[in-house]
Amino acid sequence: MSLNTWSARWLKASFFLLFILIGCSLVLFLNLLENRNSTESSVSIQQVRLRVNPILLNLEQNIHLLQETRVRENLLSIVKENGVELSYVGLDGTILLSSSPTSEGKQVNLRSALHYDLNHAVQATNGNDSLNIAFPVMAGPEGSQIGNALFTIPKALVMVKETVIFPFFILGTLLITSMVLGIYLVLMKRKFKTQLLSPIHQLKKHAESILKGQYNEPVQYNRMDEMSELYAMFDLMRTEIMHLSELRIRQETAQKELITNISHDIKTPITTVKAYIEAILEGICSDKETLMEYMKVMQTNTDKTARLVEDLLVHALQELGQISVEPREVYSRSAFETMLNPIGHSVRMNGLKYEEPEYIPNVLIRMDPIRIEQVLSNLVSNALKHTVPGDSIRINAELDLGKLRISIADSGQGIRAQDMPFVFERYFRGNSSPSARNIHEGTGLGLSICKSIIEAHGGHISFSSKEGQGTLFQFTLPIC
């Protein structure tokens, strides 16, 4: 279920329940209003006590003086002032004092005449406008009951109108709250649509554009809330994808150029070798000296082809993360002397001065001699690209903090400042000196391969250069 459908159903259900609540509240409100108009006032025991308490107090205080005319008249005047009628009845049922003098001395049925409970007194009125209620008369605060005071009280004096203000207040509050809640639900629906659903739909459109390869349109959101953080992260993702796409395109272009260059570079020595073989087969070589000269030319071109093929193979293994390095324990002096002898011969053959190491530390190291020789060959070839006849290449070896450090320095043209950040990147080919272009243009893989091989040995490779003053490459290998 989509978020939009879910929110619509949720809002409908909320409004349905809200309407039920409002309907019930209105029905209850109208019912209370009707009951308020039709309900009769009820008798209040508090009002009854207010009427009879002064009389009871006077009666109990003067209970032994009721035979005196002054006391009797005073008590009856209080009874009259309170608008009630009194009959004081002894425990035997004889009326000892009454508001109606003709009733004194008569007997009353205590079982039917005494109504201590207000509810019973109201029920016994049978629709009359007055009620009869009895109160016990005590002889002092802690004395025993000595009689009963029968009061006849008009209902009008003790009736109290029932109030329903509080229920009406609760219902009014409930109705107002329901209406506010309804308004809030409408506003929340609008806010939910504008600040959640609409941004999500907009984000979906941006995602579709990215899937189509359209990375240039920025993802923007003008509010500062949680959605803005999501938009910001999405825009960062778009930028990263755009960068990766551009990088992939550059790599694909560089790979195509690499294949084209290597194909051209391989074709030239193979064509040369083929031409010399055909010359030999046709008997052009009349003597052994000419034949050996032809053989040297073919060997040079074969080595060049082998080097190109090896670079291409290592590059493929580098792409797969599977560069084959098989280190074994060897002594550094004999291993590097074997590697450096042919390198020195190659440098001199190109018209450069070669300065070999004065001393090679003889320590035990773990390395793959074939791969390390490839590193040295690539570094020297890189130096040849940036030098001209008459320049020098110097190789040095020394111990440094438990590692063997090998340095290859040249006095050539150096590396341009704008090229330095990309020296170890694949496919990058810096500018060569004009006289060195015909030696070996390179594939742009050599230094990248060197870096991978050295790091696979647990070492580190770096360089320093200044344009016009030469370049220094150095790498380290751990000592066992």
# chains A, B, ... in the order shown; residues from 1 in each chain; ligands from 1
>>> residues_around(residues="segment 452-465 of chain A", least_positions_apart="6", cutoff="7 Å", atoms="only C-alpha atoms", output="PyMOL selection string")
chain A and resi 367+371+414-415+471-478
>>> select_by_dssp(residues="segment 236-338 of chain A", states="alpha helix (DSSP H)", output="PyMOL selection string")
chain A and resi 236-281+288-320+332-338
>>> atom_distance(atom1="atom CA of Leu445 of chain A", atom2="atom CA of Met420 of chain A")
15.2 Å
>>> residues_around(residues="segment 100-106 of chain A", least_positions_apart="3", cutoff="10 Å", atoms="only C-alpha atoms", output="tab-separated table (two decimals) with N, CA and C atoms, in the first residue's frame")
chain	number	residue	atom	x	y	z
A	76	LEU	N	-42.84	29.03	70.09
A	76	LEU	CA	-43.80	29.03	68.98
A	76	LEU	C	-43.59	30.22	68.04
A	85	GLU	N	-44.41	24.28	60.92
A	85	GLU	CA	-45.29	23.89	62.05
A	85	GLU	C	-44.57	22.83	62.86
A	86	LEU	N	-44.78	22.89	64.20
A	86	LEU	CA	-44.07	21.99	65.11
A	86	LEU	C	-45.06	21.24	65.99
A	87	SER	N	-44.76	19.97	66.19
A	87	SER	CA	-45.48	19.18	67.20
A	87	SER	C	-44.41	18.40	67.96
A	88	TYR	N	-44.31	18.72	69.28
A	88	TYR	CA	-43.36	18.00	70.10
A	88	TYR	C	-44.09	16.83	70.72
A	89	VAL	N	-43.62	15.61	70.43
A	89	VAL	CA	-44.30	14.39	70.85
A	89	VAL	C	-43.40	13.64	71.81
A	93	GLY	N	-46.02	8.98	72.50
A	93	GLY	CA	-46.89	9.37	71.40
A	93	GLY	C	-47.80	10.52	71.73
A	94	THR	N	-47.71	11.14	72.92
A	94	THR	CA	-48.57	12.26	73.31
A	94	THR	C	-47.98	13.56	72.81
A	95	ILE	N	-48.81	14.40	72.22
A	95	ILE	CA	-48.34	15.70	71.73
A	95	ILE	C	-48.26	16.63	72.93
A	96	LEU	N	-47.05	17.07	73.31
A	96	LEU	CA	-46.85	17.90	74.47
A	96	LEU	C	-46.86	19.38	74.12
A	97	LEU	N	-46.48	19.70	72.85
A	97	LEU	CA	-46.46	21.09	72.42
A	97	LEU	C	-46.73	21.09	70.92
>>> select_by_dssp(residues="segment 23-209 of chain A", states="strand (DSSP E)", output="PyMOL selection string")
chain A and resi 42-43+85-90+95-98+130-138+145-154+159-160
>>> write_last_selection(atoms="N, CA and C atoms", output="tab-separated table (two decimals), in the first residue's frame")
chain	number	residue	atom	x	y	z
A	42	SER	N	-35.64	19.66	43.56
A	42	SER	CA	-35.62	18.60	44.57
A	42	SER	C	-35.45	19.21	45.95
A	43	VAL	N	-35.88	18.45	46.95
A	43	VAL	CA	-35.79	18.89	48.35
A	43	VAL	C	-34.36	18.70	48.82
A	85	GLU	N	-44.41	24.28	60.92
A	85	GLU	CA	-45.29	23.89	62.05
A	85	GLU	C	-44.57	22.83	62.86
A	86	LEU	N	-44.78	22.89	64.20
A	86	LEU	CA	-44.07	21.99	65.11
A	86	LEU	C	-45.06	21.24	65.99
A	87	SER	N	-44.76	19.97	66.19
A	87	SER	CA	-45.48	19.18	67.20
A	87	SER	C	-44.41	18.40	67.96
A	88	TYR	N	-44.31	18.72	69.28
A	88	TYR	CA	-43.36	18.00	70.10
A	88	TYR	C	-44.09	16.83	70.72
A	89	VAL	N	-43.62	15.61	70.43
A	89	VAL	CA	-44.30	14.39	70.85
A	89	VAL	C	-43.40	13.64	71.81
A	90	GLY	N	-43.99	13.21	72.93
A	90	GLY	CA	-43.23	12.42	73.88
A	90	GLY	C	-42.99	11.02	73.36
A	95	ILE	N	-48.81	14.40	72.22
A	95	ILE	CA	-48.34	15.70	71.73
A	95	ILE	C	-48.26	16.63	72.93
A	96	LEU	N	-47.05	17.07	73.31
A	96	LEU	CA	-46.85	17.90	74.47
A	96	LEU	C	-46.86	19.38	74.12
A	97	LEU	N	-46.48	19.70	72.85
A	97	LEU	CA	-46.46	21.09	72.42
A	97	LEU	C	-46.73	21.09	70.92
A	98	SER	N	-47.55	22.05	70.46
A	98	SER	CA	-47.88	22.06	69.05
A	98	SER	C	-48.16	23.48	68.60
A	130	SER	N	-46.50	20.13	51.33
A	130	SER	CA	-45.65	20.16	52.52
A	130	SER	C	-45.25	18.75	52.87
A	131	LEU	N	-44.16	18.66	53.64
A	131	LEU	CA	-43.67	17.33	54.04
A	131	LEU	C	-43.52	17.31	55.55
A	132	ASN	N	-43.66	16.11	56.12
A	132	ASN	CA	-43.52	15.90	57.56
A	132	ASN	C	-42.24	15.13	57.82
A	133	ILE	N	-41.39	15.67	58.64
A	133	ILE	CA	-40.11	15.03	58.96
A	133	ILE	C	-39.87	15.16	60.45
A	134	ALA	N	-39.30	14.12	61.04
A	134	ALA	CA	-39.11	14.07	62.49
A	134	ALA	C	-37.63	14.14	62.83
A	135	PHE	N	-37.34	14.78	64.00
A	135	PHE	CA	-35.99	14.85	64.52
A	135	PHE	C	-36.04	14.45	65.99
A	136	PRO	N	-35.15	13.63	66.46
A	136	PRO	CA	-35.16	13.25	67.87
A	136	PRO	C	-34.77	14.44	68.76
A	137	VAL	N	-35.40	14.50	69.94
A	137	VAL	CA	-35.09	15.54	70.92
A	137	VAL	C	-34.30	14.88	72.04
A	138	MET	N	-33.07	15.40	72.33
A	138	MET	CA	-32.17	14.79	73.29
A	138	MET	C	-32.12	15.64	74.55
A	145	GLN	N	-32.64	10.16	74.39
A	145	GLN	CA	-33.78	10.75	73.69
A	145	GLN	C	-34.98	10.81	74.62
A	146	ILE	N	-35.61	12.01	74.61
A	146	ILE	CA	-36.76	12.19	75.49
A	146	ILE	C	-38.03	12.46	74.71
A	147	GLY	N	-37.88	12.60	73.38
A	147	GLY	CA	-39.07	12.87	72.56
A	147	GLY	C	-38.69	13.04	71.11
A	148	ASN	N	-39.69	13.48	70.31
A	148	ASN	CA	-39.48	13.71	68.88
A	148	ASN	C	-40.15	15.01	68.49
A	149	ALA	N	-39.47	15.73	67.62
A	149	ALA	CA	-40.02	16.98	67.10
A	149	ALA	C	-40.50	16.72	65.70
A	150	LEU	N	-41.81	16.80	65.48
A	150	LEU	CA	-42.41	16.59	64.17
A	150	LEU	C	-42.61	17.94	63.51
A	151	PHE	N	-41.94	18.12	62.33
A	151	PHE	CA	-42.04	19.40	61.61
A	151	PHE	C	-42.85	19.19	60.34
A	152	THR	N	-43.73	20.16	60.10
A	152	THR	CA	-44.44	20.21	58.83
A	152	THR	C	-43.89	21.42	58.08
A	153	ILE	N	-43.20	21.15	56.97
A	153	ILE	CA	-42.45	22.20	56.27
A	153	ILE	C	-42.99	22.31	54.84
A	154	PRO	N	-43.36	23.51	54.40
A	154	PRO	CA	-43.75	23.68	53.00
A	154	PRO	C	-42.58	23.34	52.06
A	159	MET	N	-37.00	23.58	48.67
A	159	MET	CA	-36.71	23.05	47.34
A	159	MET	C	-35.49	23.77	46.76
A	160	VAL	N	-34.64	23.02	46.06
A	160	VAL	CA	-33.43	23.56	45.40
A	160	VAL	C	-33.43	23.13	43.95
>>> closest_residue(among="A:Ser346, A:Tyr354, A:Glu246, A:Ala335", to="Ile372 of chain A", atoms="only C-alpha atoms")
A:Ala335
>>> residues_around(residues="segment 227-241 of chain A", least_positions_apart="5", cutoff="7 Å", atoms="only C-alpha atoms", output="PDB file with N, CA and C atoms, in the first residue's frame")
ATOM      1  N   TYR A 215      22.914  13.518 -14.574  1.00  0.00           N
ATOM      2  CA  TYR A 215      23.465  13.800 -13.249  1.00  0.00           C
ATOM      3  C   TYR A 215      23.641  15.291 -12.962  1.00  0.00           C
ATOM      4  N   PRO A 218      20.833  19.663 -10.040  1.00  0.00           N
ATOM      5  CA  PRO A 218      21.002  19.586  -8.584  1.00  0.00           C
ATOM      6  C   PRO A 218      19.698  19.267  -7.871  1.00  0.00           C
ATOM      7  N   VAL A 219      19.816  18.618  -6.736  1.00  0.00           N
ATOM      8  CA  VAL A 219      18.652  18.263  -5.915  1.00  0.00           C
ATOM      9  C   VAL A 219      18.546  19.295  -4.804  1.00  0.00           C
ATOM     10  N   GLN A 220      17.467  20.097  -4.814  1.00  0.00           N
ATOM     11  CA  GLN A 220      17.335  21.195  -3.860  1.00  0.00           C
ATOM     12  C   GLN A 220      16.047  21.064  -3.067  1.00  0.00           C
ATOM     13  N   TYR A 221      16.124  21.507  -1.795  1.00  0.00           N
ATOM     14  CA  TYR A 221      14.964  21.514  -0.901  1.00  0.00           C
ATOM     15  C   TYR A 221      15.095  22.749  -0.015  1.00  0.00           C
TER      16      TYR A 221
END
>>> closest_residue(among="A:Val330, A:Leu399, A:Leu281, A:Leu110", to="Asp92 of chain A", atoms="only C-alpha atoms")
A:Leu110
>>> residues_around(residues="Glu355 of chain A", least_positions_apart="6", cutoff="7 Å", atoms="only C-alpha atoms", output="PyMOL selection string")
chain A and resi 393-395
>>> decode(residues="segment 78-118 of chain A", atoms="N, CA and C atoms", output="PDB file, in the first residue's frame")
ATOM      1  N   ILE A  78     -40.656  31.433  67.323  1.00  0.00           N
ATOM      2  CA  ILE A  78     -39.522  31.035  66.466  1.00  0.00           C
ATOM      3  C   ILE A  78     -40.008  30.106  65.366  1.00  0.00           C
ATOM      4  N   VAL A  79     -40.936  29.210  65.747  1.00  0.00           N
ATOM      5  CA  VAL A  79     -41.493  28.282  64.749  1.00  0.00           C
ATOM      6  C   VAL A  79     -42.225  29.059  63.670  1.00  0.00           C
ATOM      7  N   LYS A  80     -42.961  30.058  64.075  1.00  0.00           N
ATOM      8  CA  LYS A  80     -43.725  30.833  63.115  1.00  0.00           C
ATOM      9  C   LYS A  80     -42.803  31.647  62.201  1.00  0.00           C
ATOM     10  N   GLU A  81     -41.751  32.199  62.816  1.00  0.00           N
ATOM     11  CA  GLU A  81     -40.794  32.985  62.013  1.00  0.00           C
ATOM     12  C   GLU A  81     -40.157  32.141  60.911  1.00  0.00           C
ATOM     13  N   ASN A  82     -39.924  30.871  61.149  1.00  0.00           N
ATOM     14  CA  ASN A  82     -39.281  30.007  60.155  1.00  0.00           C
ATOM     15  C   ASN A  82     -40.283  29.414  59.170  1.00  0.00           C
ATOM     16  N   GLY A  83     -41.569  29.733  59.345  1.00  0.00           N
ATOM     17  CA  GLY A  83     -42.563  29.309  58.371  1.00  0.00           C
ATOM     18  C   GLY A  83     -42.871  27.832  58.407  1.00  0.00           C
ATOM     19  N   VAL A  84     -42.711  27.177  59.558  1.00  0.00           N
ATOM     20  CA  VAL A  84     -42.993  25.741  59.662  1.00  0.00           C
ATOM     21  C   VAL A  84     -44.001  25.522  60.795  1.00  0.00           C
ATOM     22  N   GLU A  85     -44.406  24.277  60.924  1.00  0.00           N
ATOM     23  CA  GLU A  85     -45.291  23.893  62.050  1.00  0.00           C
ATOM     24  C   GLU A  85     -44.566  22.832  62.864  1.00  0.00           C
ATOM     25  N   LEU A  86     -44.776  22.886  64.202  1.00  0.00           N
ATOM     26  CA  LEU A  86     -44.068  21.986  65.106  1.00  0.00           C
ATOM     27  C   LEU A  86     -45.062  21.243  65.986  1.00  0.00           C
ATOM     28  N   SER A  87     -44.760  19.974  66.194  1.00  0.00           N
ATOM     29  CA  SER A  87     -45.479  19.175  67.196  1.00  0.00           C
ATOM     30  C   SER A  87     -44.410  18.403  67.964  1.00  0.00           C
ATOM     31  N   TYR A  88     -44.313  18.720  69.275  1.00  0.00           N
ATOM     32  CA  TYR A  88     -43.362  17.995  70.105  1.00  0.00           C
ATOM     33  C   TYR A  88     -44.091  16.831  70.724  1.00  0.00           C
ATOM     34  N   VAL A  89     -43.616  15.610  70.430  1.00  0.00           N
ATOM     35  CA  VAL A  89     -44.302  14.385  70.847  1.00  0.00           C
ATOM     36  C   VAL A  89     -43.401  13.641  71.813  1.00  0.00           C
ATOM     37  N   GLY A  90     -43.987  13.206  72.933  1.00  0.00           N
ATOM     38  CA  GLY A  90     -43.230  12.417  73.881  1.00  0.00           C
ATOM     39  C   GLY A  90     -42.988  11.019  73.360  1.00  0.00           C
ATOM     40  N   LEU A  91     -42.227  10.273  74.151  1.00  0.00           N
ATOM     41  CA  LEU A  91     -41.888   8.921  73.706  1.00  0.00           C
ATOM     42  C   LEU A  91     -43.107   8.004  73.715  1.00  0.00           C
ATOM     43  N   ASP A  92     -44.179   8.426  74.420  1.00  0.00           N
ATOM     44  CA  ASP A  92     -45.391   7.596  74.450  1.00  0.00           C
ATOM     45  C   ASP A  92     -46.377   7.964  73.350  1.00  0.00           C
ATOM     46  N   GLY A  93     -46.023   8.977  72.504  1.00  0.00           N
ATOM     47  CA  GLY A  93     -46.891   9.371  71.402  1.00  0.00           C
ATOM     48  C   GLY A  93     -47.801  10.517  71.731  1.00  0.00           C
ATOM     49  N   THR A  94     -47.712  11.145  72.915  1.00  0.00           N
ATOM     50  CA  THR A  94     -48.573  12.258  73.313  1.00  0.00           C
ATOM     51  C   THR A  94     -47.983  13.558  72.814  1.00  0.00           C
ATOM     52  N   ILE A  95     -48.805  14.402  72.217  1.00  0.00           N
ATOM     53  CA  ILE A  95     -48.336  15.701  71.732  1.00  0.00           C
ATOM     54  C   ILE A  95     -48.260  16.632  72.925  1.00  0.00           C
ATOM     55  N   LEU A  96     -47.047  17.068  73.308  1.00  0.00           N
ATOM     56  CA  LEU A  96     -46.852  17.903  74.475  1.00  0.00           C
ATOM     57  C   LEU A  96     -46.862  19.376  74.122  1.00  0.00           C
ATOM     58  N   LEU A  97     -46.481  19.698  72.847  1.00  0.00           N
ATOM     59  CA  LEU A  97     -46.463  21.089  72.418  1.00  0.00           C
ATOM     60  C   LEU A  97     -46.727  21.087  70.923  1.00  0.00           C
ATOM     61  N   SER A  98     -47.552  22.050  70.465  1.00  0.00           N
ATOM     62  CA  SER A  98     -47.880  22.061  69.050  1.00  0.00           C
ATOM     63  C   SER A  98     -48.156  23.478  68.603  1.00  0.00           C
ATOM     64  N   SER A  99     -47.884  23.745  67.342  1.00  0.00           N
ATOM     65  CA  SER A  99     -48.223  25.047  66.768  1.00  0.00           C
ATOM     66  C   SER A  99     -49.721  25.241  66.724  1.00  0.00           C
ATOM     67  N   SER A 100     -50.420  24.102  66.698  1.00  0.00           N
ATOM     68  CA  SER A 100     -51.884  24.143  66.756  1.00  0.00           C
ATOM     69  C   SER A 100     -52.288  23.687  68.156  1.00  0.00           C
ATOM     70  N   PRO A 101     -52.701  24.638  69.071  1.00  0.00           N
ATOM     71  CA  PRO A 101     -52.984  24.282  70.467  1.00  0.00           C
ATOM     72  C   PRO A 101     -54.042  23.194  70.616  1.00  0.00           C
ATOM     73  N   THR A 102     -54.927  23.059  69.649  1.00  0.00           N
ATOM     74  CA  THR A 102     -55.996  22.062  69.763  1.00  0.00           C
ATOM     75  C   THR A 102     -55.454  20.646  69.654  1.00  0.00           C
ATOM     76  N   SER A 103     -54.258  20.523  69.131  1.00  0.00           N
ATOM     77  CA  SER A 103     -53.684  19.176  68.953  1.00  0.00           C
ATOM     78  C   SER A 103     -52.946  18.694  70.188  1.00  0.00           C
ATOM     79  N   GLU A 104     -52.685  19.571  71.159  1.00  0.00           N
ATOM     80  CA  GLU A 104     -51.928  19.164  72.339  1.00  0.00           C
ATOM     81  C   GLU A 104     -52.729  18.159  73.153  1.00  0.00           C
ATOM     82  N   GLY A 105     -52.053  17.141  73.683  1.00  0.00           N
ATOM     83  CA  GLY A 105     -52.686  16.086  74.478  1.00  0.00           C
ATOM     84  C   GLY A 105     -53.146  14.916  73.645  1.00  0.00           C
ATOM     85  N   LYS A 106     -53.167  15.063  72.318  1.00  0.00           N
ATOM     86  CA  LYS A 106     -53.612  13.954  71.477  1.00  0.00           C
ATOM     87  C   LYS A 106     -52.487  12.950  71.293  1.00  0.00           C
ATOM     88  N   GLN A 107     -52.900  11.757  70.917  1.00  0.00           N
ATOM     89  CA  GLN A 107     -51.954  10.673  70.666  1.00  0.00           C
ATOM     90  C   GLN A 107     -51.725  10.542  69.158  1.00  0.00           C
ATOM     91  N   VAL A 108     -50.436  10.249  68.808  1.00  0.00           N
ATOM     92  CA  VAL A 108     -50.105   9.984  67.391  1.00  0.00           C
ATOM     93  C   VAL A 108     -49.474   8.609  67.285  1.00  0.00           C
ATOM     94  N   ASN A 109     -49.659   8.012  66.139  1.00  0.00           N
ATOM     95  CA  ASN A 109     -49.044   6.702  65.871  1.00  0.00           C
ATOM     96  C   ASN A 109     -47.584   6.928  65.468  1.00  0.00           C
ATOM     97  N   LEU A 110     -46.714   6.585  66.409  1.00  0.00           N
ATOM     98  CA  LEU A 110     -45.288   6.850  66.168  1.00  0.00           C
ATOM     99  C   LEU A 110     -44.747   6.078  64.959  1.00  0.00           C
ATOM    100  N   ARG A 111     -45.307   4.895  64.698  1.00  0.00           N
ATOM    101  CA  ARG A 111     -44.807   4.085  63.586  1.00  0.00           C
ATOM    102  C   ARG A 111     -45.049   4.771  62.240  1.00  0.00           C
ATOM    103  N   SER A 112     -46.194   5.412  62.103  1.00  0.00           N
ATOM    104  CA  SER A 112     -46.548   6.024  60.812  1.00  0.00           C
ATOM    105  C   SER A 112     -46.228   7.507  60.753  1.00  0.00           C
ATOM    106  N   ALA A 113     -46.095   8.150  61.891  1.00  0.00           N
ATOM    107  CA  ALA A 113     -45.913   9.598  61.902  1.00  0.00           C
ATOM    108  C   ALA A 113     -44.446  10.011  61.855  1.00  0.00           C
ATOM    109  N   LEU A 114     -43.550   9.141  62.340  1.00  0.00           N
ATOM    110  CA  LEU A 114     -42.140   9.511  62.424  1.00  0.00           C
ATOM    111  C   LEU A 114     -41.413   9.174  61.107  1.00  0.00           C
ATOM    112  N   HIS A 115     -40.906  10.196  60.459  1.00  0.00           N
ATOM    113  CA  HIS A 115     -40.103  10.016  59.226  1.00  0.00           C
ATOM    114  C   HIS A 115     -38.766  10.734  59.443  1.00  0.00           C
ATOM    115  N   TYR A 116     -37.762   9.962  59.878  1.00  0.00           N
ATOM    116  CA  TYR A 116     -36.437  10.549  60.101  1.00  0.00           C
ATOM    117  C   TYR A 116     -35.672  10.773  58.782  1.00  0.00           C
ATOM    118  N   ASP A 117     -35.973   9.923  57.796  1.00  0.00           N
ATOM    119  CA  ASP A 117     -35.253   9.992  56.516  1.00  0.00           C
ATOM    120  C   ASP A 117     -35.977  10.938  55.566  1.00  0.00           C
ATOM    121  N   LEU A 118     -35.225  11.826  54.876  1.00  0.00           N
ATOM    122  CA  LEU A 118     -35.826  12.810  54.002  1.00  0.00           C
ATOM    123  C   LEU A 118     -36.541  12.154  52.836  1.00  0.00           C
TER     124      LEU A 118
END
